[in-house]
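Source file: target36.cif. Holds: mmCIF, C-alpha atoms.
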```
data_coords
loop_
_atom_site.label_atom_id
_atom_site.label_comp_id
_atom_site.auth_asym_id
_atom_site.auth_seq_id
_atom_site.Cartn_x
_atom_site.Cartn_y
_atom_site.Cartn_z
CA MET A 1 -14.08 66.45 -33.13
CA MET A 2 -12.03 68.24 -30.49
CA MET A 3 -11.00 66.22 -27.46
CA THR A 4 -9.90 68.09 -24.35
CA ILE A 5 -8.61 67.29 -20.92
CA PRO A 6 -8.18 69.84 -18.10
CA ARG A 7 -4.55 70.96 -17.95
CA SER A 8 -4.75 71.04 -14.17
CA ARG A 9 -4.95 67.25 -14.19
CA LEU A 10 -1.71 66.82 -16.08
CA SER A 11 1.12 66.36 -13.63
CA TRP A 12 4.72 65.29 -14.03
CA PRO A 13 5.08 61.72 -12.73
CA CYS A 14 8.58 62.32 -11.32
CA THR A 15 7.95 63.47 -7.79
CA THR A 16 11.43 64.68 -6.85
CA PRO A 17 14.29 66.53 -8.60
CA THR A 18 16.33 63.32 -8.42
CA GLU A 19 13.64 61.38 -10.29
CA PHE A 20 13.45 64.08 -12.97
CA CYS A 21 17.23 64.02 -13.39
CA ARG A 22 17.00 60.28 -13.98
CA LEU A 23 14.49 60.79 -16.78
CA SER A 24 16.57 63.60 -18.25
CA ASN A 25 19.54 61.25 -18.35
CA ILE A 26 17.38 58.61 -20.04
CA LEU A 27 16.45 61.06 -22.78
CA SER A 28 20.05 62.07 -23.38
CA ARG A 29 21.51 58.54 -23.59
CA ARG A 30 22.40 57.21 -26.99
CA ARG A 31 20.52 54.14 -28.12
CA HIS A 32 22.02 50.68 -27.62
CA HIS A 33 23.17 48.88 -30.75
CA HIS A 34 22.02 45.29 -31.17
CA SER A 35 23.05 44.71 -34.79
CA SER A 36 25.94 42.50 -33.68
CA LYS A 37 23.70 40.10 -31.80
CA THR A 38 23.08 36.66 -33.28
CA ARG A 39 19.67 36.21 -34.85
CA VAL A 40 17.90 32.91 -35.37
CA VAL A 41 16.09 32.57 -38.67
CA GLY A 42 12.46 31.56 -38.25
CA GLN A 43 12.26 32.37 -34.56
CA GLN A 44 12.35 36.04 -33.69
CA THR A 45 12.34 37.56 -30.26
CA GLY A 46 8.95 36.98 -28.74
CA CYS A 47 7.47 35.97 -32.11
CA PHE A 48 7.14 32.69 -33.99
CA PHE A 49 6.43 32.34 -37.67
CA SER A 50 4.31 29.57 -39.13
CA SER A 51 5.30 29.69 -42.80
CA ALA A 52 8.53 29.51 -44.77
CA ALA A 53 7.54 32.60 -46.71
CA ARG A 54 7.23 34.67 -43.56
CA THR A 55 10.49 33.28 -42.20
CA ASP A 56 12.35 34.40 -45.33
CA GLU A 57 10.69 37.79 -45.17
CA THR A 58 11.63 38.20 -41.52
CA MET A 59 15.21 37.10 -42.11
CA VAL A 60 15.70 39.90 -44.64
CA ASP A 61 13.80 42.36 -42.48
CA GLU A 62 15.84 41.67 -39.35
CA GLU A 63 19.35 40.99 -40.65
CA VAL A 64 19.67 44.10 -42.81
CA PRO A 65 19.70 47.29 -40.68
CA SER A 66 16.93 49.60 -41.74
CA GLN A 67 17.60 53.21 -42.69
CA PRO A 68 16.01 54.64 -39.52
CA GLN A 69 18.18 52.38 -37.34
CA GLN A 70 21.32 53.43 -39.20
CA GLN A 71 20.44 57.11 -38.95
CA GLN A 72 19.32 57.13 -35.34
CA SER A 73 22.83 56.77 -33.93
CA GLN A 74 23.46 60.25 -35.29
CA HIS A 75 20.86 61.74 -32.96
CA GLN A 76 21.55 62.67 -29.38
CA HIS A 77 18.35 61.22 -27.97
CA CYS A 78 16.63 57.89 -28.14
CA PRO A 79 12.83 57.70 -27.89
CA LEU A 80 10.94 56.59 -24.81
CA TYR A 81 8.28 53.94 -25.33
CA VAL A 82 5.50 53.78 -22.73
CA ALA A 83 3.78 50.44 -22.21
CA ALA A 84 1.70 49.02 -19.39
CA THR A 85 1.71 45.72 -17.55
CA ARG A 86 -2.00 45.25 -18.27
CA GLN A 87 -5.09 47.18 -19.35
CA HIS A 88 -6.50 50.10 -17.35
CA VAL A 89 -3.41 51.00 -15.33
CA GLY A 90 -3.25 54.59 -16.61
CA LYS A 91 -0.79 54.29 -19.51
CA THR A 92 -2.40 57.04 -21.57
CA THR A 93 -2.77 59.34 -18.58
CA THR A 94 0.89 58.76 -17.75
CA SER A 95 1.85 59.51 -21.35
CA LEU A 96 -0.09 62.78 -21.18
CA ALA A 97 1.75 63.76 -18.01
CA LEU A 98 5.12 62.82 -19.48
CA LEU A 99 4.43 64.79 -22.64
CA SER A 100 3.34 67.80 -20.61
CA GLY A 101 6.61 67.70 -18.70
CA LEU A 102 8.66 67.23 -21.86
CA GLN A 103 6.99 70.22 -23.50
CA LYS A 104 7.88 72.41 -20.54
CA ARG A 105 11.51 71.35 -20.72
CA ALA A 106 12.18 70.76 -24.41
CA GLY A 107 9.75 73.19 -26.03
CA SER A 108 6.30 72.88 -27.52
CA GLN A 109 7.39 70.97 -30.61
CA VAL A 110 8.16 67.63 -29.03
CA GLY A 111 7.33 64.40 -30.84
CA PHE A 112 4.64 61.81 -30.19
CA ILE A 113 3.73 58.60 -31.98
CA LYS A 114 1.28 55.77 -31.34
CA PRO A 115 2.92 53.22 -33.66
CA VAL A 116 0.13 50.64 -33.53
CA GLY A 117 -3.45 51.63 -32.76
CA GLN A 118 -6.76 49.83 -32.44
CA VAL A 119 -9.56 52.25 -31.53
CA THR A 120 -9.86 55.07 -34.05
CA LEU A 121 -11.53 58.40 -34.71
CA THR A 122 -12.23 60.02 -38.07
CA VAL A 123 -10.21 63.19 -38.67
CA ASN A 124 -9.32 65.34 -41.66
CA ASP A 125 -5.89 64.95 -43.21
CA GLU A 126 -3.97 68.21 -42.76
CA THR A 127 -2.72 68.30 -46.35
CA THR A 128 -5.55 66.91 -48.45
CA GLY A 129 -8.53 67.51 -46.18
CA GLN A 130 -9.54 63.91 -46.81
CA ALA A 131 -11.26 62.00 -44.01
CA ILE A 132 -8.90 59.41 -42.52
CA GLU A 133 -8.84 57.14 -39.47
CA CYS A 134 -6.42 57.88 -36.63
CA ASP A 135 -5.85 56.27 -33.24
CA LYS A 136 -7.96 58.04 -30.61
CA ASP A 137 -5.02 58.63 -28.26
CA ALA A 138 -2.98 60.23 -31.04
CA VAL A 139 -5.94 62.53 -31.80
CA LEU A 140 -6.21 63.49 -28.13
CA VAL A 141 -2.50 64.24 -27.83
CA LYS A 142 -2.27 66.21 -31.07
CA GLN A 143 -5.26 68.39 -30.29
CA HIS A 144 -4.64 68.93 -26.58
CA PHE A 145 -0.94 69.73 -26.88
CA GLN A 146 -1.40 71.57 -30.19
CA LEU A 147 1.19 69.47 -32.03
CA ASP A 148 0.54 71.20 -35.34
CA HIS A 149 4.05 70.30 -36.53
CA LEU A 150 3.05 66.61 -36.65
CA SER A 151 0.59 64.91 -38.99
CA TYR A 152 -2.12 62.46 -38.02
CA ARG A 153 -0.74 59.91 -40.47
CA ASP A 154 2.72 59.98 -38.87
CA MET A 155 1.36 59.93 -35.32
CA SER A 156 -0.73 56.83 -36.07
CA PRO A 157 0.99 54.85 -38.84
CA VAL A 158 -0.44 51.34 -38.29
CA LEU A 159 -4.05 50.64 -37.38
CA ILE A 160 -5.53 47.23 -36.62
CA PRO A 161 -9.24 47.28 -37.48
CA LYS A 162 -11.57 44.29 -37.52
CA GLY A 163 -10.30 41.61 -39.89
CA TYR A 164 -6.69 42.86 -39.90
CA THR A 165 -5.34 39.87 -37.96
CA LYS A 166 -6.89 37.36 -40.37
CA ASP A 167 -5.53 39.27 -43.35
CA TYR A 168 -2.06 39.27 -41.80
CA LEU A 169 -2.12 35.56 -41.06
CA ASP A 170 -3.35 34.92 -44.62
CA GLY A 171 -0.36 36.81 -45.97
CA LYS A 172 -2.33 39.74 -47.36
CA ILE A 173 -0.42 42.13 -45.08
CA LEU A 174 3.35 41.78 -44.77
CA LEU A 175 5.61 42.37 -41.80
CA ARG A 176 7.99 44.54 -43.80
CA GLU A 177 5.08 46.80 -44.80
CA GLN A 178 4.14 47.37 -41.17
CA ARG A 179 7.71 48.01 -40.15
CA THR A 180 8.34 50.40 -43.03
CA GLN A 181 5.22 52.40 -42.13
CA VAL A 182 6.28 52.69 -38.48
CA GLU A 183 9.90 53.59 -39.21
CA ARG A 184 9.04 56.14 -41.90
CA ALA A 185 6.50 57.83 -39.63
CA TYR A 186 8.98 57.91 -36.75
CA GLN A 187 11.66 59.53 -38.92
CA ASN A 188 9.21 62.23 -40.02
CA ILE A 189 8.29 62.95 -36.41
CA LEU A 190 11.91 62.93 -35.29
CA GLN A 191 12.90 65.45 -37.95
CA ASN A 192 10.08 67.81 -36.97
CA SER A 193 10.57 67.65 -33.19
CA ASN A 194 12.64 69.80 -30.86
CA HIS A 195 15.99 68.28 -29.83
CA GLY A 196 14.94 64.85 -31.14
CA VAL A 197 12.64 64.29 -28.16
CA VAL A 198 9.99 61.72 -29.08
CA LEU A 199 7.54 59.88 -26.83
CA CYS A 200 6.00 56.65 -28.12
CA GLU A 201 2.83 55.20 -26.60
CA GLY A 202 2.18 51.50 -26.86
CA THR A 203 -1.05 49.53 -26.85
CA GLY A 204 -1.57 47.57 -23.62
CA HIS A 205 1.19 45.35 -22.23
CA VAL A 206 4.45 44.73 -24.06
CA ALA A 207 3.25 41.57 -25.84
CA VAL A 208 0.13 43.13 -27.36
CA GLY A 209 0.39 42.96 -31.14
CA SER A 210 2.39 39.72 -31.21
CA VAL A 211 -0.18 38.02 -33.39
CA VAL A 212 0.80 40.36 -36.24
CA ASP A 213 4.48 40.35 -35.21
CA ALA A 214 4.24 43.95 -34.03
CA SER A 215 4.25 43.69 -30.26
CA ASN A 216 5.11 46.78 -28.24
CA ALA A 217 8.47 45.27 -27.39
CA ARG A 218 9.25 44.48 -31.00
CA VAL A 219 8.18 47.90 -32.28
CA ALA A 220 10.33 49.50 -29.59
CA SER A 221 13.28 47.47 -30.84
CA TRP A 222 12.66 48.70 -34.41
CA LEU A 223 12.90 52.29 -33.19
CA GLY A 224 15.80 51.76 -30.80
CA ALA A 225 13.54 52.96 -27.99
CA ARG A 226 13.88 52.46 -24.25
CA MET A 227 10.83 51.14 -22.45
CA VAL A 228 9.00 52.83 -19.57
CA LEU A 229 6.67 50.36 -17.86
CA VAL A 230 3.50 51.57 -16.11
CA ALA A 231 1.98 49.36 -13.43
CA ASN A 232 -0.67 49.48 -10.73
CA ALA A 233 0.61 50.05 -7.22
CA GLY A 234 1.22 47.15 -4.88
CA LEU A 235 4.07 44.80 -4.11
CA GLY A 236 3.53 41.12 -4.99
CA ASN A 237 1.15 41.47 -7.94
CA CYS A 238 2.86 44.61 -9.16
CA LEU A 239 6.32 43.03 -9.26
CA ASP A 240 5.00 39.78 -10.75
CA GLU A 241 3.40 41.66 -13.65
CA LEU A 242 6.45 43.87 -14.09
CA ASP A 243 8.69 40.82 -14.24
CA LEU A 244 6.63 39.20 -17.00
CA ASN A 245 6.95 42.35 -19.08
CA ARG A 246 10.64 42.71 -18.21
CA VAL A 247 11.40 39.23 -19.57
CA TYR A 248 9.55 39.98 -22.81
CA CYS A 249 11.50 43.22 -23.25
CA GLN A 250 14.72 41.38 -22.52
CA GLU A 251 13.97 38.83 -25.23
CA ALA A 252 13.37 41.68 -27.68
CA ASN A 253 16.67 43.36 -26.71
CA VAL A 254 14.78 46.39 -25.40
CA ASP A 255 16.27 48.25 -22.46
CA ILE A 256 13.92 49.25 -19.63
CA ALA A 257 14.45 52.91 -18.79
CA GLY A 258 12.34 52.89 -15.66
CA VAL A 259 9.05 52.10 -13.98
CA ILE A 260 6.13 54.38 -13.15
CA VAL A 261 3.61 53.08 -10.64
CA ASN A 262 0.08 54.40 -10.71
CA LYS A 263 -2.95 54.44 -8.39
CA CYS A 264 -1.05 54.23 -5.12
CA ARG A 265 -3.04 54.73 -1.92
CA PRO A 266 -1.75 57.74 0.05
CA ASP A 267 -1.35 55.70 3.23
CA LYS A 268 0.75 53.13 1.35
CA TYR A 269 2.93 55.62 -0.53
CA GLU A 270 6.13 55.47 1.55
CA GLN A 271 5.97 51.69 1.96
CA THR A 272 5.36 51.12 -1.73
CA LYS A 273 8.12 53.51 -2.76
CA ARG A 274 10.63 51.90 -0.42
CA TYR A 275 10.06 48.27 -1.36
CA LEU A 276 9.53 48.76 -5.09
CA SER A 277 12.69 50.84 -5.33
CA GLN A 278 14.53 48.15 -3.39
CA ALA A 279 13.20 45.36 -5.63
CA LEU A 280 14.01 47.19 -8.87
CA ASP A 281 17.50 48.20 -7.80
CA THR A 282 18.89 44.71 -8.28
CA LYS A 283 21.21 43.02 -10.78
CA ARG A 284 18.35 40.94 -12.18
CA TRP A 285 16.42 44.11 -13.02
CA GLY A 286 19.52 45.96 -14.15
CA HIS A 287 19.10 48.56 -11.38
CA VAL A 288 16.05 50.09 -13.03
CA PRO A 289 14.89 53.35 -11.39
CA LEU A 290 11.40 53.95 -10.03
CA LEU A 291 10.70 57.09 -12.02
CA GLY A 292 7.37 58.03 -10.51
CA LEU A 293 4.78 56.94 -7.99
#
```
Structure translated into structure tokens:
Amino acid sequence: MMMTIPRSRLSWPCTTPTEFCRLSNILSRRRHHHSSKTRVVGQQTGCFFSSAARTDETMVDEEVPSQPQQQQSQHQHCPLYVAATRQHVGKTTTSLALLSGLQKRAGSQVGFIKPVGQVTLTVNDETTGQAIECDKDAVLVKQHFQLDHLSYRDMSPVLIPKGYTKDYLDGKILLREQRTQVERAYQNILQNSNHGVVLCEGTGHVAVGSVVDASNARVASWLGARMVLVANAGLGNCLDELDLNRVYCQEANVDIAGVIVNKCRPDKYEQTKRYLSQALDTKRWGHVPLLGL
């Protein structure tokens, strides 16, 4: 099934040359290294483990740097990971706009991955022709942007269908299996993408997926990605929700690259831009830029 969206509706979120330069700088920064940070066995960032078996598994998984993490320092770019502060704020639409802009600047063969998906569509595997399930957003992106250099399996490595959570909690699915699937898929996409430019799209807010120890923040940390948070326009509620997600990212050692605010009323644009920029440009926030409004 072909999914389409009018190209005229895809717009670059950065509204000024200055804002675009900020995002360009984000893409060219090398990833931060957290391997020297102290880790507590049995209690991982943003995640708690209920069994000794899972604690041992996590200790091995976290203390030994994975191959993708070791290799990524060799690349010029680190991935951007788009997550929202809640549902229905326009995360996927924002990702489409970002990818459209990246294609125009880095070439058509940019990378995209939806590491953890929930709602799927049936597609045909490019190599075998076999019917497989793939996250619906990954299908949309691949078909609309004609990302023929990427495979459905790599763009949507982990799916959480009905019953998956119970199987994970029962120990039938292991954390290291999930992580290996995500990291292997990311490496494949990275190797097949222009200039190492890869955009990752999360599922909901940064804590979604915590029940299976694969929250957006944690997956971003596996990939050495920097987080772009998407929020609804406003001041009080907007900043409150952003702050909750900021703290979760901080606990996962994930750097926030910037904030994109969606659904702003035209008559509130200048006010919103002024005060949000002022609030984000503080020591507590780490002087995070407002990338788009």
Given the PyMOL selection byres ((chain A and resi 148) around 12), the residues it picks as JSON, numbers by chain:
{"A": [108, 109, 110, 111, 112, 125, 126, 127, 139, 141, 142, 143, 144, 145, 146, 147, 149, 150, 151, 152, 154, 155, 189, 192, 193]}
I need the residues from that last selection saved to file as an mmCIF file, in the coordinates of the input (with C-alpha atoms), if you can.
```
data_model
loop_
_atom_site.group_PDB
_atom_site.id
_atom_site.type_symbol
_atom_site.label_atom_id
_atom_site.label_comp_id
_atom_site.auth_asym_id
_atom_site.auth_seq_id
_atom_site.Cartn_x
_atom_site.Cartn_y
_atom_site.Cartn_z
ATOM 1 C CA SER A 108 6.300 72.880 -27.520
ATOM 2 C CA GLN A 109 7.390 70.970 -30.610
ATOM 3 C CA VAL A 110 8.160 67.630 -29.030
ATOM 4 C CA GLY A 111 7.330 64.400 -30.840
ATOM 5 C CA PHE A 112 4.640 61.810 -30.190
ATOM 6 C CA ASP A 125 -5.890 64.950 -43.210
ATOM 7 C CA GLU A 126 -3.970 68.210 -42.760
ATOM 8 C CA THR A 127 -2.720 68.300 -46.350
ATOM 9 C CA VAL A 139 -5.940 62.530 -31.800
ATOM 10 C CA VAL A 141 -2.500 64.240 -27.830
ATOM 11 C CA LYS A 142 -2.270 66.210 -31.070
ATOM 12 C CA GLN A 143 -5.260 68.390 -30.290
ATOM 13 C CA HIS A 144 -4.640 68.930 -26.580
ATOM 14 C CA PHE A 145 -0.940 69.730 -26.880
ATOM 15 C CA GLN A 146 -1.400 71.570 -30.190
ATOM 16 C CA LEU A 147 1.190 69.470 -32.030
ATOM 17 C CA HIS A 149 4.050 70.300 -36.530
ATOM 18 C CA LEU A 150 3.050 66.610 -36.650
ATOM 19 C CA SER A 151 0.590 64.910 -38.990
ATOM 20 C CA TYR A 152 -2.120 62.460 -38.020
ATOM 21 C CA ASP A 154 2.720 59.980 -38.870
ATOM 22 C CA MET A 155 1.360 59.930 -35.320
ATOM 23 C CA ILE A 189 8.290 62.950 -36.410
ATOM 24 C CA ASN A 192 10.080 67.810 -36.970
ATOM 25 C CA SER A 193 10.570 67.650 -33.190
#
```
Which residues, written as a PDB file with C-alpha atoms, in the frame of the given file, have at least one atom at most 10 Å from Leu80 of chain A, with all atoms listed in the file counted and residues fewer than 6 positions away on the same chain left out?
```
ATOM      1  CA  LEU A  23      14.490  60.790 -16.780  1.00  0.00           C
ATOM      2  CA  ILE A  26      17.380  58.610 -20.040  1.00  0.00           C
ATOM      3  CA  LEU A  27      16.450  61.060 -22.780  1.00  0.00           C
ATOM      4  CA  PHE A 112       4.640  61.810 -30.190  1.00  0.00           C
ATOM      5  CA  VAL A 197      12.640  64.290 -28.160  1.00  0.00           C
ATOM      6  CA  VAL A 198       9.990  61.720 -29.080  1.00  0.00           C
ATOM      7  CA  LEU A 199       7.540  59.880 -26.830  1.00  0.00           C
ATOM      8  CA  CYS A 200       6.000  56.650 -28.120  1.00  0.00           C
ATOM      9  CA  GLU A 201       2.830  55.200 -26.600  1.00  0.00           C
ATOM     10  CA  ALA A 220      10.330  49.500 -29.590  1.00  0.00           C
ATOM     11  CA  LEU A 223      12.900  52.290 -33.190  1.00  0.00           C
ATOM     12  CA  GLY A 224      15.800  51.760 -30.800  1.00  0.00           C
ATOM     13  CA  ALA A 225      13.540  52.960 -27.990  1.00  0.00           C
ATOM     14  CA  ARG A 226      13.880  52.460 -24.250  1.00  0.00           C
ATOM     15  CA  MET A 227      10.830  51.140 -22.450  1.00  0.00           C
ATOM     16  CA  VAL A 228       9.000  52.830 -19.570  1.00  0.00           C
ATOM     17  CA  ILE A 256      13.920  49.250 -19.630  1.00  0.00           C
ATOM     18  CA  ALA A 257      14.450  52.910 -18.790  1.00  0.00           C
ATOM     19  CA  GLY A 258      12.340  52.890 -15.660  1.00  0.00           C
TER      20      GLY A 258
END
```
Record the distance separating atom CA of Asp213 of chain A and atom CA of Gly90 of chain A, expressed in Å with one decimal.
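Separation between atom CA of Asp213 of chain A and atom CA of Gly90 of chain A: 24.7 Å.
Minimum atom-to-atom distance to Thr85 of chain A, evaluated using only C-alpha atoms, belongs to A:Leu239 out of A:Leu190, A:Leu280, A:Leu239, A:Cys134.
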As JSON, numbers by chain, please: the residues near Ala217 of chain A (cut-off 8 Å, only C-alpha atoms, same-chain neighbours under 4 positions excluded).
{"A": [206, 207, 221, 248, 249, 252, 254]}
The PyMOL selection byres ((chain A and resi 211) around 10) applied to the shown file, residues as a PyMOL selection string
chain A and resi 47-49+165-166+168-169+207-210+212-215
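Compared by their closest atoms to Val116 of chain A, and using all atoms listed in the file, the residues A:Ile132, A:Val158, A:Val82, A:Leu98 rank with A:Val158 nearest.
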Selected residue of minimal separation from Asp255 of chain A among A:Gly196, A:Val182, A:Arg176, A:Tyr81, counting only C-alpha atoms:
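So, comparing all the options, the nearest one is A:Tyr81.
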May I ask which of the residues A:Ala83, A:Cys238, A:Ala97, A:Ile113 is the closest one to Asn188 of chain A, counting only C-alpha atoms?
A:Ile113
Can you measure atom CA of Glu177 of chain A to atom CA of Thr92 of chain A for me? One decimal in Å is fine.
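Result for atom CA of Glu177 of chain A versus atom CA of Thr92 of chain A: 26.5 Å, one decimal.
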Between atom CA of Asn237 of chain A and atom CA of Gln118 of chain A, distance in Å (one decimal):
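We find that atom CA of Asn237 of chain A and atom CA of Gln118 of chain A lie 27.1 Å from each other.
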Shortest interatomic distance to Leu242 of chain A - which of A:Trp285, A:Tyr164, A:Tyr275, A:Tyr269, counting all atoms listed in the file
A:Trp285
The PyMOL selection byres ((chain A and resi 231) around 6) resolved against shown file, as a PyMOL selection string:
chain A and resi 84-85+89+230+232+261
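Using all atoms listed in the file, the shortest contact distance between Leu140 of chain A and any of A:Asn253, A:Gln278, A:Gln271, A:Thr93 is found at A:Thr93.
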